[in-house]
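K.L.:
Structure file my_file13.txt, compact mmCIF, C-alpha atoms, is pasted below:
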# COMPACT_ATOMS: atom_id res chain seq x y z
CA MET A 1205 81.77 181.00 153.27
CA LYS A 1206 78.80 178.67 153.21
CA LYS A 1207 78.32 179.44 149.51
CA LEU A 1208 81.93 178.56 148.79
CA ARG A 1209 81.62 175.22 150.53
CA SER A 1210 78.45 174.46 148.61
CA PHE A 1211 80.25 175.29 145.39
CA TYR A 1212 83.09 172.89 146.20
CA LYS A 1213 80.65 170.13 147.04
CA VAL A 1214 78.88 170.55 143.73
CA LEU A 1215 82.19 170.66 141.91
CA ILE A 1216 83.40 167.50 143.62
CA ALA A 1217 80.13 165.75 142.80
CA LEU A 1218 80.46 166.73 139.17
CA LEU A 1219 84.04 165.50 139.04
CA VAL A 1220 83.05 162.17 140.58
CA LEU A 1221 80.23 161.85 138.09
CA LEU A 1222 82.55 162.65 135.19
CA PHE A 1223 85.08 160.14 136.47
CA VAL A 1224 82.44 157.42 136.72
CA GLU A 1225 81.15 158.13 133.24
CA PHE A 1226 84.70 158.13 131.88
CA GLY A 1227 85.33 154.80 133.57
CA VAL A 1228 82.19 153.34 132.10
CA LEU A 1229 83.21 154.62 128.69
CA LEU A 1230 86.63 153.02 129.02
CA VAL A 1231 85.12 149.72 130.06
CA SER A 1232 82.69 149.82 127.13
CA LEU A 1233 85.46 150.59 124.68
CA SER A 1234 87.57 147.81 126.10
CA LEU A 1235 84.77 145.29 125.82
CA ALA A 1236 84.01 146.44 122.30
CA ASP A 1237 87.67 146.06 121.35
CA ARG A 1238 87.81 142.59 122.84
CA GLY A 1239 84.69 141.59 121.00
CA SER A 1240 86.14 142.88 117.76
CA LYS A 1241 89.38 141.00 118.32
CA GLN A 1242 87.51 137.80 119.16
CA THR A 1243 85.44 138.16 116.03
CA ASP A 1244 88.58 138.68 113.96
CA THR A 1245 90.21 135.67 115.63
CA ASN A 1246 87.21 133.47 114.99
CA SER A 1247 87.08 134.62 111.40
CA THR A 1248 90.80 133.93 110.96
CA ASN A 1249 90.47 130.49 112.54
CA ALA A 1250 87.56 129.68 110.27
CA GLU A 1251 89.55 130.73 107.22
CA ASN A 1252 92.54 128.68 108.36
CA SER A 1253 90.36 125.65 108.95
CA SER A 1254 88.86 126.05 105.52
CA LEU A 1255 92.31 126.32 103.92
CA LYS A 1256 93.54 123.26 105.82
CA ALA A 1257 90.51 121.28 104.68
CA LYS A 1258 91.11 122.33 101.07
CA ASN A 1259 94.81 121.46 101.32
CA SER A 1260 94.01 118.06 102.82
CA SER A 1261 91.48 117.41 100.08
CA LEU A 1262 93.93 118.42 97.37
CA LYS A 1263 96.67 116.30 98.94
CA ALA A 1264 94.39 113.28 99.19
CA LYS A 1265 93.31 113.77 95.58
CA LYS A 1266 96.92 114.09 94.47
CA ASN A 1267 97.91 110.92 96.33
CA SER A 1268 94.93 109.10 94.86
CA GLU A 1269 95.88 110.18 91.34
CA LYS A 1270 99.48 109.17 92.01
CA GLN A 1271 98.42 105.73 93.21
CA ALA A 1272 96.16 105.26 90.20
CA LYS A 1273 99.19 105.64 87.91
CA TYR A 1274 100.66 102.31 89.06
CA SER A 1275 99.39 98.76 88.61
CA ASN A 1276 99.31 96.03 91.26
CA GLN A 1277 102.26 94.39 89.51
CA GLU A 1278 104.28 97.59 89.82
CA TYR A 1279 103.38 98.00 93.50
CA ALA A 1280 104.37 94.38 94.18
CA LEU A 1281 107.73 94.93 92.48
CA MET A 1282 108.25 98.21 94.36
CA ALA A 1283 107.62 96.44 97.68
CA TYR A 1284 110.13 93.71 96.78
CA LEU A 1285 112.76 96.33 95.93
CA LYS A 1286 112.17 98.17 99.21
CA LEU A 1287 112.47 94.92 101.16
CA GLN A 1288 115.73 94.03 99.40
CA GLY A 1289 117.11 97.57 99.53
CA GLN A 1290 117.59 97.58 95.76
CA THR A 1291 116.86 99.92 92.90
CA ALA A 1292 115.02 98.94 89.74
CA ASN A 1293 118.26 99.13 87.73
CA GLU A 1294 119.98 96.71 90.12
CA LEU A 1295 117.16 94.18 89.82
CA LYS A 1296 117.12 94.63 86.05
CA GLN A 1297 120.63 93.15 85.83
CA ASN A 1298 119.28 89.82 87.11
CA LYS A 1299 115.80 89.86 85.57
CA ASP A 1300 116.40 86.81 83.33
CA ASN A 1301 116.97 84.63 86.41
CA MET A 1302 113.89 85.92 88.18
CA ASN A 1303 110.86 83.64 88.57
CA TRP A 1304 107.61 85.59 88.66
CA LYS A 1305 104.17 84.18 89.42
CA GLN A 1306 100.79 85.89 89.82
CA ASP A 1307 97.58 84.65 91.41
CA ASN A 1308 95.04 87.50 91.34
CA ASN A 1309 96.44 90.11 93.77
CA LYS A 1310 99.21 87.82 95.06
CA PHE A 1311 102.67 87.93 93.45
CA THR A 1312 105.64 85.64 94.08
CA ILE A 1313 109.31 86.27 93.27
CA ASP A 1314 112.17 83.82 93.64
CA PHE A 1315 115.53 83.10 92.04
CA GLY A 1316 115.43 79.34 92.45
CA ALA A 1317 115.50 79.28 96.25
CA HIS A 1318 113.68 81.36 98.86
CA ALA A 1319 110.44 82.95 97.66
CA THR A 1320 108.90 86.30 98.60
CA LEU A 1321 105.11 86.75 98.48
CA MET A 1322 103.57 90.20 97.92
CA THR A 1323 99.82 90.70 98.52
CA VAL A 1324 98.52 93.98 97.11
CA THR A 1325 95.47 95.49 98.83
CA ASP A 1326 93.63 98.79 98.41
CA LYS A 1327 96.17 101.02 100.20
CA GLN A 1328 99.16 98.83 101.04
CA VAL A 1329 101.34 95.86 100.12
CA GLN A 1330 101.87 93.00 102.57
CA LEU A 1331 105.03 90.89 102.26
CA THR A 1332 105.78 87.38 103.52
CA TYR A 1333 109.35 86.13 103.14
CA ASP A 1334 111.95 83.72 104.54
CA LYS A 1335 113.80 85.34 107.41
CA SER A 1336 117.08 84.17 108.90
CA THR A 1337 116.96 82.93 112.50
CA GLU A 1338 119.49 81.56 114.99
CA GLU A 1339 118.58 78.05 113.85
CA GLY A 1340 118.95 78.91 110.17
CA MET A 1341 116.74 80.24 107.42
CA GLY A 1342 113.05 80.16 108.26
CA GLN A 1343 110.17 79.68 105.88
CA GLY A 1344 107.51 82.36 105.56
CA ASN A 1345 108.45 83.74 108.98
CA GLY A 1346 109.19 87.30 107.89
CA HIS A 1347 106.48 89.95 107.47
CA LYS A 1348 106.46 93.58 106.30
CA VAL A 1349 103.79 96.11 105.30
CA TYR A 1350 104.38 99.14 103.05
CA THR A 1351 101.80 101.74 102.06
CA LYS A 1352 101.24 102.43 98.39
CA GLN A 1353 101.92 106.10 99.02
CA GLU A 1354 105.43 105.56 100.37
CA LEU A 1355 106.23 103.08 97.60
CA ALA A 1356 105.04 105.53 94.92
CA GLU A 1357 107.08 108.35 96.44
CA GLU A 1358 110.26 106.23 96.56
CA PHE A 1359 110.02 104.27 93.31
CA GLY A 1360 107.61 106.29 91.16
CA ASN A 1361 110.47 107.84 89.18
CA GLN A 1362 111.72 104.32 88.27
CA LYS A 1363 108.45 103.30 86.57
CA SER A 1364 109.93 102.81 83.09
CA THR A 1365 112.56 100.39 84.42
CA LEU A 1366 109.93 98.56 86.48
CA ASP A 1367 107.80 98.08 83.36
CA GLU A 1368 110.81 96.76 81.44
CA ILE A 1369 111.45 94.18 84.15
CA LEU A 1370 107.78 93.17 84.21
CA ASP A 1371 107.68 92.77 80.42
CA THR A 1372 110.60 90.33 80.59
CA VAL A 1373 109.39 88.23 83.53
CA ASN A 1374 105.81 88.07 82.21
CA GLU A 1375 107.10 86.86 78.84
CA ASN A 1376 109.30 84.25 80.52
CA SER A 1377 106.38 83.11 82.65
CA ASN A 1378 104.12 82.74 79.59
CA ASN A 1379 106.78 80.80 77.69
CA SER A 1380 107.26 78.47 80.64
CA SER A 1381 103.51 77.86 80.86
CA ASN A 1382 103.29 77.11 77.11
CA THR A 1383 106.22 74.69 77.32
CA GLN A 1384 104.69 72.88 80.26
CA SER A 1385 101.32 72.65 78.50
CA SER A 1386 102.98 71.23 75.36
CA ALA A 1387 104.87 68.64 77.40
CA GLN A 1388 101.65 67.55 79.08
CA ASN A 1389 99.92 67.18 75.71
CA ASN A 1390 102.80 65.06 74.36
CA GLN A 1391 102.71 62.85 77.44
CA SER A 1392 98.97 62.40 77.04
CA GLN A 1393 99.41 61.38 73.38
CA ASN A 1394 102.16 58.91 74.32
CA ASN A 1395 99.96 57.35 76.97
CA THR A 1396 97.14 56.95 74.44
CA ALA A 1397 99.49 55.28 71.94
CA ASN A 1398 100.82 52.88 74.57
CA GLN A 1399 97.32 51.88 75.57
CA ALA A 1400 96.51 51.13 71.93
CA ASN A 1401 99.61 48.95 71.56
CA ASN A 1402 98.93 46.98 74.73
CA THR A 1403 95.90 45.21 73.23
CA THR A 1404 95.19 41.55 74.11
CA TYR A 1405 94.25 39.32 71.23
CA SER A 1406 92.65 35.91 71.96
CA SER A 1407 92.00 33.27 69.34
CA SER A 1408 90.80 29.68 69.39
CA THR A 1409 91.28 27.45 66.38
CA THR A 1410 89.80 24.00 65.92
CA GLY A 1411 90.56 21.82 62.91
CA ASN A 1412 93.19 21.89 60.21
CA THR A 1413 94.26 25.53 59.98
CA THR A 1414 97.08 27.30 58.19
CA THR A 1415 97.76 30.88 59.31
CA THR A 1416 100.33 33.19 57.76
CA THR A 1417 101.16 36.50 59.44
CA THR A 1418 103.43 39.09 57.88
CA GLY A 1419 104.34 42.36 59.54
CA THR A 1420 105.06 43.61 62.99
CA THR A 1421 102.84 42.63 65.90
CA THR A 1422 103.08 44.23 69.30
CA GLY A 1423 100.84 43.22 72.16
CA ASN A 1424 99.92 40.44 74.52
CA THR A 1425 98.70 37.38 72.57
CA THR A 1426 97.02 34.29 74.00
CA ALA A 1427 96.39 31.46 71.56
CA THR A 1428 94.79 28.06 72.08
CA THR A 1429 95.19 25.63 69.16
CA THR A 1430 93.45 22.30 68.77
CA GLY A 1431 93.99 20.15 65.74
CA ASN A 1432 96.50 20.08 62.93
CA THR A 1433 97.84 23.62 62.73
CA THR A 1434 100.65 25.16 60.75
CA THR A 1435 101.62 28.73 61.67
CA THR A 1436 104.14 30.72 59.70
CA THR A 1437 105.19 34.18 60.86
CA THR A 1438 107.33 36.50 58.78
CA GLY A 1439 108.55 39.84 60.04
CA ASN A 1440 109.46 41.33 63.35
CA THR A 1441 107.19 39.94 66.04
CA THR A 1442 107.20 41.16 69.60
CA SER A 1443 104.71 39.56 71.91
CA ASN A 1444 104.13 38.24 75.38
CA SER A 1445 102.43 34.87 74.67
CA ASP A 1446 100.75 32.47 77.02
CA GLN A 1447 100.20 29.51 74.72
CA ASP A 1448 98.45 26.29 75.57
CA ALA A 1449 99.03 23.81 72.73
CA THR A 1450 97.06 20.57 72.63
CA THR A 1451 97.80 18.03 69.89
CA THR A 1452 94.94 16.02 68.63
CA ASN A 1453 95.22 13.74 65.56
CA GLY A 1454 98.54 15.16 64.47
CA GLY A 1455 101.42 17.44 65.26
CA THR A 1456 101.67 21.11 66.00
CA THR A 1457 104.35 23.50 64.75
CA ASP A 1458 104.59 27.01 66.36
Please lay out the structure from this file as structure tokens.
P.N.:
Amino acid sequence: MKKLRSFYKVLIALLVLLFVEFGVLLVSLSLADRGSKQTDTNSTNAENSSLKAKNSSLKAKKNSEKQAKYSNQEYALMAYLKLQGQTANELKQNKDNMNWKQDNNKFTIDFGAHATLMTVTDKQVQLTYDKSTEEGMGQGNGHKVYTKQELAEEFGNQKSTLDEILDTVNENSNNSSNTQSSAQNNQSQNNTANQANNTTYSSSTTGNTTTTTTGTTTGNTTATTTGNTTTTTTGNTTSNSDQDATTTNGGTTD
């Protein structure tokens, strides 16, 4: 009987020991599995981060290349179209009436009245325009900012029409500048000729003198005559004369 009880005690001890070892094994396996999953998760996250970085880099490069395809003039025109809610084809119908001016990175558009100013920077276009208020139309009181990226995405497919518009307005602007320069040169020449004609001649004659003038004389003439003088003028004479005639020993005929 005592031997049987001892046997049961040993058996129970062995079972407890086996149970403990099995529990430890389960815990170890569980921890190992968790570690493996965490490693896989970290690896996956790292790969995803790397892919996102590559995608962002490619997207930035693509946007940069897209922006490089358009000039500042084109971006300025795109911004004007977006502000007006127009397409390039709609603006093209009225291109001959469009006044276009450029001052470095600043561009101005008007049709004889209210002007819109577009300032093109590295990544965006800033607009200043006349905005209607309760008291009437303001002056330079409206402001908008568009990024180059959104302008390129919306109007990039209209580039050929934009270039056609720009060719026309640039040509008109150059012709206007040449005409103005020519007019200024003509005015300068006229002023020089007028100064040459408005010359003051002064003469003083003493004694018996006979003077004959034939031709056309234009200018301001001041003459002082002393003595016996006979003056004969033939031709068209235009003059403003302040004449002081003094008769000494004879008569004077003017």
K.L.:
Looking at all atoms listed in the file, which of A:Asn1303, A:Asn1395, A:Ser1261, A:Gln1353 is the one that sits closest to Asn1378 (chain A)?
P.N.:
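Nearest candidate to Asn1378 (chain A) out of A:Asn1303, A:Asn1395, A:Ser1261, A:Gln1353: A:Asn1303.
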K.L.:
Counting all atoms listed in the file, which residues sit no farther than 9 Å from the position (115.6, 96.8, 87.9) in the file's frame? I'd like them as a count of residues only.
P.N.:
16
K.L.:
Within 8 Å of region 1341-1348 of chain A, counting all atoms listed in the file, which residues qualify if same-chain residues fewer than 5 places away don't, as number ranges by chain?
P.N.:
A: 1330-1336
K.L.:
Nearest to Lys1327 (chain A) among A:Asn1276, A:Trp1304, A:Leu1287, A:Phe1211, with distances taken over all atoms listed in the file: which residue is it?
P.N.:
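Using all atoms listed in the file, the shortest distance to Lys1327 (chain A) belongs to A:Asn1276.
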K.L.:
To one decimal place in Å, what is the distance between CA of Met1302 (chain A) and CA of Asn1376 (chain A)?
P.N.:
9.1 Å
K.L.:
What separation in Å, quoted to one decimal, exists between CA of Thr1323 (chain A) and CA of Lys1305 (chain A)?
P.N.:
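About the pair CA of Thr1323 (chain A) and CA of Lys1305 (chain A): they are 12.0 Å apart.
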K.L.:
What separation in Å, quoted to one decimal, exists between CA of Leu1222 (chain A) and CA of Ala1236 (chain A)?
P.N.:
20.8 Å
K.L.:
Given the choices A:Ser1364, A:Asn1394, A:Ser1234, A:Thr1372, which gets closest to Asn1301 (chain A) if the distance is worked out from only C-alpha atoms?
P.N.:
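Nearest candidate to Asn1301 (chain A) out of A:Ser1364, A:Asn1394, A:Ser1234, A:Thr1372: A:Thr1372.
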K.L.:
Using only C-alpha atoms, which of A:Val1373, A:Gly1340, A:Leu1281, A:Ser1260 sits nearest Leu1321 (chain A)?
P.N.:
A:Leu1281
K.L.:
With 6 Å on each side, where is the centre of the axis-aligned box around all listed atoms of region 1293-1312 of chain A, and how long are its edges in Å to one decimal, as lines of an AutoDock Vina configuration file?
P.N.:
center_x = 107.8
center_y = 91.4
center_z = 89.2
size_x = 37.6
size_y = 27.5
size_z = 23.7
K.L.:
Nearest residue to Asp1367 (chain A) out of A:Tyr1274, A:Val1324, A:Tyr1284, A:Gln1306, using all atoms listed in the file?
P.N.:
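Selected residue with least distance to Asp1367 (chain A): A:Tyr1274.
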